[in-house]
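So this block is query.pdb, PDB, C-alpha atoms:
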```
ATOM      1  CA  MET O   1       8.899 -57.332  93.389
ATOM      2  CA  PHE O   2       6.982 -58.890  96.307
ATOM      3  CA  SER O   3       9.325 -61.881  96.512
ATOM      4  CA  SER O   4      12.359 -59.566  96.611
ATOM      5  CA  GLN O   5      10.645 -57.527  99.359
ATOM      6  CA  ALA O   6      10.011 -60.712 101.334
ATOM      7  CA  GLN O   7      13.662 -61.688 100.917
ATOM      8  CA  VAL O   8      14.773 -58.284 102.233
ATOM      9  CA  VAL O   9      12.570 -58.794 105.308
ATOM     10  CA  VAL O  10      14.166 -62.204 105.969
ATOM     11  CA  GLU O  11      17.667 -60.791 105.402
ATOM     12  CA  SER O  12      16.873 -57.908 107.760
ATOM     13  CA  ARG O  13      15.849 -60.328 110.481
ATOM     14  CA  ARG O  14      19.147 -62.180 110.014
ATOM     15  CA  TRP O  15      20.964 -58.820 110.111
ATOM     16  CA  PHE O  16      19.649 -57.827 113.545
ATOM     17  CA  ALA O  17      19.764 -61.364 114.983
ATOM     18  CA  GLN O  18      23.500 -61.498 114.216
ATOM     19  CA  ARG O  19      24.036 -58.197 116.069
ATOM     20  CA  ALA O  20      22.048 -59.075 119.197
ATOM     21  CA  ARG O  21      24.019 -59.752 122.388
ATOM     22  CA  GLY O  22      23.173 -60.873 125.923
ATOM     23  CA  ALA O  23      19.710 -60.233 127.316
ATOM     24  CA  THR O  24      17.675 -59.356 124.210
ATOM     25  CA  LEU O  25      14.160 -57.936 123.965
ATOM     26  CA  GLU O  26      12.364 -58.080 120.627
ATOM     27  CA  VAL O  27       9.359 -55.755 120.556
ATOM     28  CA  GLY O  28       6.388 -56.710 118.379
ATOM     29  CA  VAL O  29       7.280 -60.350 117.745
ATOM     30  CA  GLY O  30       4.013 -61.490 116.195
ATOM     31  CA  ALA O  31       4.469 -65.247 115.597
ATOM     32  CA  TRP O  32       8.208 -64.608 116.152
ATOM     33  CA  PRO O  33       9.607 -65.450 112.708
ATOM     34  CA  ALA O  34      13.100 -64.328 113.781
ATOM     35  CA  LEU O  35      13.303 -66.676 116.778
ATOM     36  CA  LEU O  36      15.481 -69.346 115.167
ATOM     37  CA  LEU O  37      17.804 -66.744 113.630
ATOM     38  CA  TYR O  38      19.158 -65.603 117.004
ATOM     39  CA  PRO O  39      22.290 -67.192 118.477
ATOM     40  CA  THR O  40      21.407 -69.862 121.029
ATOM     41  CA  ASP O  41      23.384 -68.212 123.850
ATOM     42  CA  LEU O  42      21.080 -65.186 124.094
ATOM     43  CA  GLU O  43      18.558 -64.652 126.857
ATOM     44  CA  LEU O  44      15.556 -63.891 124.627
ATOM     45  CA  THR O  45      12.352 -62.084 125.541
ATOM     46  CA  GLY O  46       9.650 -61.464 122.952
ATOM     47  CA  LEU O  47       6.905 -58.902 123.497
ATOM     48  CA  ASP O  48       3.683 -58.238 121.623
ATOM     49  CA  ARG O  49       0.576 -56.224 122.458
ATOM     50  CA  ASP O  50      -1.791 -58.727 120.837
ATOM     51  CA  SER O  51      -2.708 -61.753 122.967
ATOM     52  CA  ARG O  52      -3.173 -63.923 119.835
ATOM     53  CA  ALA O  53       0.330 -63.022 118.661
ATOM     54  CA  VAL O  54       1.687 -63.828 122.131
ATOM     55  CA  ALA O  55       0.049 -67.265 121.960
ATOM     56  CA  LYS O  56       1.568 -67.871 118.504
ATOM     57  CA  ALA O  57       4.995 -66.743 119.688
ATOM     58  CA  ARG O  58       4.783 -69.047 122.707
ATOM     59  CA  ARG O  59       3.936 -71.958 120.392
ATOM     60  CA  ALA O  60       6.922 -71.039 118.209
ATOM     61  CA  VAL O  61       9.171 -71.135 121.274
ATOM     62  CA  GLU O  62       7.759 -74.527 122.352
ATOM     63  CA  ASP O  63       8.087 -75.968 118.837
ATOM     64  CA  SER O  64      11.655 -74.697 118.494
ATOM     65  CA  GLY O  65      12.961 -76.190 121.713
ATOM     66  CA  ARG O  66      14.632 -72.833 122.423
ATOM     67  CA  ARG O  67      14.559 -71.130 125.790
ATOM     68  CA  ALA O  68      12.788 -67.792 125.498
ATOM     69  CA  THR O  69      10.164 -65.788 127.326
ATOM     70  CA  VAL O  70       7.132 -64.275 125.620
ATOM     71  CA  VAL O  71       5.100 -61.536 127.294
ATOM     72  CA  GLU O  72       2.116 -59.409 126.403
ATOM     73  CA  GLY O  73       2.821 -55.711 126.666
ATOM     74  CA  ASP O  74       2.895 -52.267 125.158
ATOM     75  CA  ALA O  75       5.995 -50.856 123.437
ATOM     76  CA  MET O  76       5.049 -47.440 124.811
ATOM     77  CA  ALA O  77       4.938 -48.650 128.445
ATOM     78  CA  LEU O  78       7.213 -51.637 128.984
ATOM     79  CA  ASP O  79       6.651 -53.439 132.269
ATOM     80  CA  VAL O  80      10.393 -53.949 132.709
ATOM     81  CA  ALA O  81      12.967 -52.422 135.058
ATOM     82  CA  ASP O  82      15.378 -49.775 133.800
ATOM     83  CA  ALA O  83      18.585 -51.057 132.167
ATOM     84  CA  SER O  84      17.361 -54.673 131.952
ATOM     85  CA  PHE O  85      18.540 -55.538 128.430
ATOM     86  CA  ASP O  86      21.759 -55.555 126.415
ATOM     87  CA  THR O  87      19.858 -55.408 123.117
ATOM     88  CA  VAL O  88      16.431 -54.110 122.118
ATOM     89  CA  VAL O  89      15.118 -55.043 118.677
ATOM     90  CA  PHE O  90      12.223 -53.608 116.678
ATOM     91  CA  SER O  91      11.499 -56.001 113.821
ATOM     92  CA  PHE O  92       8.992 -54.373 111.483
ATOM     93  CA  SER O  93       7.006 -53.213 114.494
ATOM     94  CA  LEU O  94       7.599 -49.452 114.785
ATOM     95  CA  CYS O  95       5.296 -48.976 111.793
ATOM     96  CA  GLY O  96       2.461 -50.092 114.081
ATOM     97  CA  VAL O  97       3.103 -48.132 117.285
ATOM     98  CA  PRO O  98       1.085 -44.978 117.976
ATOM     99  CA  GLU O  99       4.210 -42.870 118.512
ATOM    100  CA  VAL O 100       7.744 -43.817 117.428
ATOM    101  CA  ARG O 101       9.465 -41.433 119.847
ATOM    102  CA  GLY O 102       7.613 -42.857 122.854
ATOM    103  CA  ALA O 103       8.479 -46.428 121.877
ATOM    104  CA  LEU O 104      12.144 -45.574 121.330
ATOM    105  CA  LEU O 105      12.392 -43.669 124.619
ATOM    106  CA  GLU O 106      10.912 -46.658 126.398
ATOM    107  CA  ALA O 107      13.372 -48.978 124.625
ATOM    108  CA  LEU O 108      16.267 -46.780 125.734
ATOM    109  CA  ARG O 109      14.961 -46.800 129.293
ATOM    110  CA  VAL O 110      15.178 -50.607 129.460
ATOM    111  CA  LEU O 111      18.463 -50.754 127.516
ATOM    112  CA  ARG O 112      21.745 -50.793 129.444
ATOM    113  CA  PRO O 113      24.355 -48.107 128.629
ATOM    114  CA  GLY O 114      26.410 -49.363 125.696
ATOM    115  CA  GLY O 115      23.559 -51.663 124.653
ATOM    116  CA  ALA O 116      22.406 -52.083 121.062
ATOM    117  CA  LEU O 117      19.197 -50.632 119.638
ATOM    118  CA  LEU O 118      18.404 -52.521 116.429
ATOM    119  CA  MET O 119      15.606 -51.620 114.051
ATOM    120  CA  ALA O 120      14.356 -52.867 110.707
ATOM    121  CA  ASP O 121      11.140 -51.408 109.358
ATOM    122  CA  HIS O 122       9.045 -50.212 106.465
ATOM    123  CA  VAL O 123       9.725 -46.514 105.897
ATOM    124  CA  VAL O 124       8.844 -43.800 103.437
ATOM    125  CA  SER O 125      10.452 -44.709 100.122
ATOM    126  CA  THR O 126      13.187 -42.799  98.339
ATOM    127  CA  SER O 127      11.192 -43.329  95.121
ATOM    128  CA  THR O 128       8.523 -40.701  94.408
ATOM    129  CA  PRO O 129       6.082 -43.134  92.729
ATOM    130  CA  LEU O 130       6.403 -45.558  95.634
ATOM    131  CA  ARG O 131       5.874 -42.734  98.161
ATOM    132  CA  VAL O 132       2.591 -41.921  96.423
ATOM    133  CA  VAL O 133       1.513 -45.563  96.645
ATOM    134  CA  GLN O 134       2.575 -45.717 100.310
ATOM    135  CA  ARG O 135       0.505 -42.641 101.159
ATOM    136  CA  VAL O 136      -2.570 -44.078  99.437
ATOM    137  CA  VAL O 137      -2.183 -47.458 101.141
ATOM    138  CA  GLN O 138      -1.547 -45.773 104.498
ATOM    139  CA  SER O 139      -4.794 -43.796 104.160
ATOM    140  CA  PHE O 140      -6.522 -47.176 104.637
ATOM    141  CA  THR O 141      -4.108 -49.068 106.887
ATOM    142  CA  ARG O 142      -3.581 -46.326 109.440
ATOM    143  CA  PRO O 143      -7.228 -45.921 110.512
ATOM    144  CA  LEU O 144      -7.994 -49.647 110.191
ATOM    145  CA  PHE O 145      -4.870 -51.235 111.697
ATOM    146  CA  GLY O 146      -2.670 -48.397 112.962
ATOM    147  CA  GLU O 147      -0.100 -49.305 110.281
ATOM    148  CA  HIS O 148       2.146 -46.503 108.969
ATOM    149  CA  PHE O 149       4.295 -46.646 105.841
ATOM    150  CA  THR O 150       5.645 -43.100 105.660
ATOM    151  CA  ARG O 151       7.603 -42.818 108.914
ATOM    152  CA  ARG O 152      11.392 -42.647 109.410
ATOM    153  CA  PRO O 153      12.201 -44.045 112.873
ATOM    154  CA  SER O 154      15.900 -43.433 112.195
ATOM    155  CA  ASP O 155      15.236 -39.668 112.161
ATOM    156  CA  VAL O 156      13.728 -39.965 115.636
ATOM    157  CA  ALA O 157      16.615 -42.151 116.864
ATOM    158  CA  ARG O 158      19.119 -39.498 115.756
ATOM    159  CA  GLU O 159      17.482 -37.050 118.202
ATOM    160  CA  LEU O 160      17.971 -39.404 121.175
ATOM    161  CA  GLU O 161      20.910 -40.423 123.375
ATOM    162  CA  VAL O 162      22.377 -42.943 120.935
ATOM    163  CA  ASP O 163      25.359 -43.215 118.653
ATOM    164  CA  ILE O 164      24.474 -44.506 115.204
ATOM    165  CA  VAL O 165      26.697 -47.425 114.236
ATOM    166  CA  GLU O 166      25.087 -48.256 110.894
ATOM    167  CA  THR O 167      22.055 -47.431 108.789
ATOM    168  CA  GLU O 168      21.029 -48.900 105.485
ATOM    169  CA  ARG O 169      18.081 -48.407 103.155
ATOM    170  CA  LEU O 170      17.003 -51.231 100.871
ATOM    171  CA  SER O 171      14.370 -51.996  98.270
ATOM    172  CA  ARG O 172      14.118 -48.497  96.780
ATOM    173  CA  GLY O 173      14.297 -47.074 100.273
ATOM    174  CA  VAL O 174      11.173 -48.876 101.509
ATOM    175  CA  ILE O 175      13.080 -50.856 104.172
ATOM    176  CA  GLU O 176      15.514 -49.264 106.591
ATOM    177  CA  ARG O 177      17.822 -50.939 109.092
ATOM    178  CA  LEU O 178      19.524 -49.161 111.949
ATOM    179  CA  HIS O 179      22.072 -50.228 114.555
ATOM    180  CA  ALA O 180      22.626 -47.707 117.359
ATOM    181  CA  VAL O 181      24.298 -47.862 120.757
ATOM    182  CA  LYS O 182      22.921 -46.226 123.887
ATOM    183  CA  ARG O 183      25.227 -43.579 125.310
ATOM    184  CA  GLY O 184      26.089 -43.571 128.883
TER     185      GLY O 184
END
```
For this file, write the structure as structure tokens.
Amino acid sequence: MFSSQAQVVVESRRWFAQRARGATLEVGVGAWPALLLYPTDLELTGLDRDSRAVAKARRAVEDSGRRATVVEGDAMALDVADASFDTVVFSFSLCGVPEVRGALLEALRVLRPGGALLMADHVVSTSTPLRVVQRVVQSFTRPLFGEHFTRRPSDVARELEVDIVETERLSRGVIERLHAVKRG
């Protein structure tokens, strides 16, 4: 099951990379495993709150030969002007933010009207046995690492000023992808 989960994560990164357009911000890049999946004509910016992850992402950019910017920052308080990006991506990173709504509101602030909000993340499963396992695991990961497994960022997105283009749940509902467009 783990290998199929890993494959879904890779496929999800391909899914949002294919939908990204123009100036693109990926929030929570880590070592930036999706970097090479993006089209080469994008103006890419990667953001992470962890300085070690930022250093790894910068090395990935250097090693790839791609042009991209990597910055250290907080998804809840982006140091970016309003309406700066055509696409904002959350790649398995909303599970680690303190508050999903705050991160999404901040993403919408920096997203241009008509821009794409793309998310792929671990969410509460549609399978009862898996939900039980997720809650047990989360009882350890949340206090230790701030990692949540029982959230549904798509529910929060539906309450905001976006039009949902597509949503999809995979892997017994454990992974969810969402493509939305900012109204305006």
Would you kindly return, as a PDB file with C-alpha atoms, in the coordinates of the input, each protein, DNA or RNA residue with an atom no farther than 12 Å from any atom of Ala23 in chain O, considering only C-alpha atoms and excluding same-chain residues fewer than 3 positions away?
```
ATOM      1  CA  ALA O  20      22.048 -59.075 119.197  1.00  0.00           C
ATOM      2  CA  GLU O  26      12.364 -58.080 120.627  1.00  0.00           C
ATOM      3  CA  TYR O  38      19.158 -65.603 117.004  1.00  0.00           C
ATOM      4  CA  PRO O  39      22.290 -67.192 118.477  1.00  0.00           C
ATOM      5  CA  THR O  40      21.407 -69.862 121.029  1.00  0.00           C
ATOM      6  CA  ASP O  41      23.384 -68.212 123.850  1.00  0.00           C
ATOM      7  CA  LEU O  42      21.080 -65.186 124.094  1.00  0.00           C
ATOM      8  CA  GLU O  43      18.558 -64.652 126.857  1.00  0.00           C
ATOM      9  CA  LEU O  44      15.556 -63.891 124.627  1.00  0.00           C
ATOM     10  CA  THR O  45      12.352 -62.084 125.541  1.00  0.00           C
ATOM     11  CA  GLY O  46       9.650 -61.464 122.952  1.00  0.00           C
ATOM     12  CA  ALA O  68      12.788 -67.792 125.498  1.00  0.00           C
ATOM     13  CA  THR O  69      10.164 -65.788 127.326  1.00  0.00           C
ATOM     14  CA  ALA O  83      18.585 -51.057 132.167  1.00  0.00           C
ATOM     15  CA  SER O  84      17.361 -54.673 131.952  1.00  0.00           C
ATOM     16  CA  PHE O  85      18.540 -55.538 128.430  1.00  0.00           C
ATOM     17  CA  ASP O  86      21.759 -55.555 126.415  1.00  0.00           C
ATOM     18  CA  THR O  87      19.858 -55.408 123.117  1.00  0.00           C
ATOM     19  CA  VAL O  88      16.431 -54.110 122.118  1.00  0.00           C
ATOM     20  CA  VAL O  89      15.118 -55.043 118.677  1.00  0.00           C
ATOM     21  CA  VAL O 110      15.178 -50.607 129.460  1.00  0.00           C
ATOM     22  CA  LEU O 111      18.463 -50.754 127.516  1.00  0.00           C
ATOM     23  CA  ARG O 112      21.745 -50.793 129.444  1.00  0.00           C
ATOM     24  CA  GLY O 115      23.559 -51.663 124.653  1.00  0.00           C
ATOM     25  CA  ALA O 116      22.406 -52.083 121.062  1.00  0.00           C
TER      26      ALA O 116
END
```
Would you tabulate, counting all atoms listed in the file, all residues of range 39-86 of chain O that have an atom at most 8 Å from an atom of range 92-103 of chain O, showing the closest pair of atoms and their distance in Å to one decimal, sorted by chain then ascending number, as JSON lines?
```
{"residue": "O:Ala75", "atom": "CA", "partner": "O:Ala103", "partner_atom": "CA", "distance": 5.3}
{"residue": "O:Met76", "atom": "CA", "partner": "O:Ala103", "partner_atom": "CA", "distance": 4.6}
{"residue": "O:Ala77", "atom": "CA", "partner": "O:Ala103", "partner_atom": "CA", "distance": 7.8}
```
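For the pair CA of Ala31 in chain O and CA of Ala60 in chain O, the interatomic distance is 6.8 Å.
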Between O:Asp48, O:Asp121, O:Asp82, O:Glu72, smallest distance to Val10 in chain O by only C-alpha atoms belongs to O:Asp121
Quick one: axis-aligned box around all listed atoms of range 116-134 of chain O, 6 Å on every side, centre and edge lengths in Å to one decimal, written as AutoDock Vina command-line options.
```
--center_x 12.0 --center_y -46.8 --center_z 106.9 --size_x 32.9 --size_y 24.2 --size_z 40.3
```
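Residue nearest Leu36 in chain O, chosen from O:Ser4, O:Thr126, O:Thr141, O:Gln18 and counting only C-alpha atoms: O:Gln18.
If you look at CA of Val70 in chain O and CA of Leu37 in chain O, they are 16.2 Å away from each other.
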| message | On this structure, the PyMOL selection byres ((chain O and resi 122) around 8) would catch which residues? List them as a count of residues only, sorted by chain and number. | response | 12
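Proximity of O:Val27, O:Pro113, O:Trp32, O:Ala57 to Asp74 in chain O, computed with all atoms listed in the file, is greatest for O:Val27.
With all atoms listed in the file as the atoms that count, the minimum distance from Leu25 in chain O to the choices O:Glu106, O:Glu62, O:Asp155, O:Asp50 is reached by O:Glu106.
Distance check against Leu108 in chain O using all atoms listed in the file: of O:Val8, O:Val132, O:Ala81, O:Val137, the minimum falls on O:Ala81.
When all atoms listed in the file are used to measure the gap to Gln5 in chain O, the shortest distance among O:Arg19, O:Lys182, O:Arg172, O:Arg158 belongs to O:Arg172.
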CA of Leu160 in chain O sits from CA of His179 in chain O at a separation of 13.3 Å
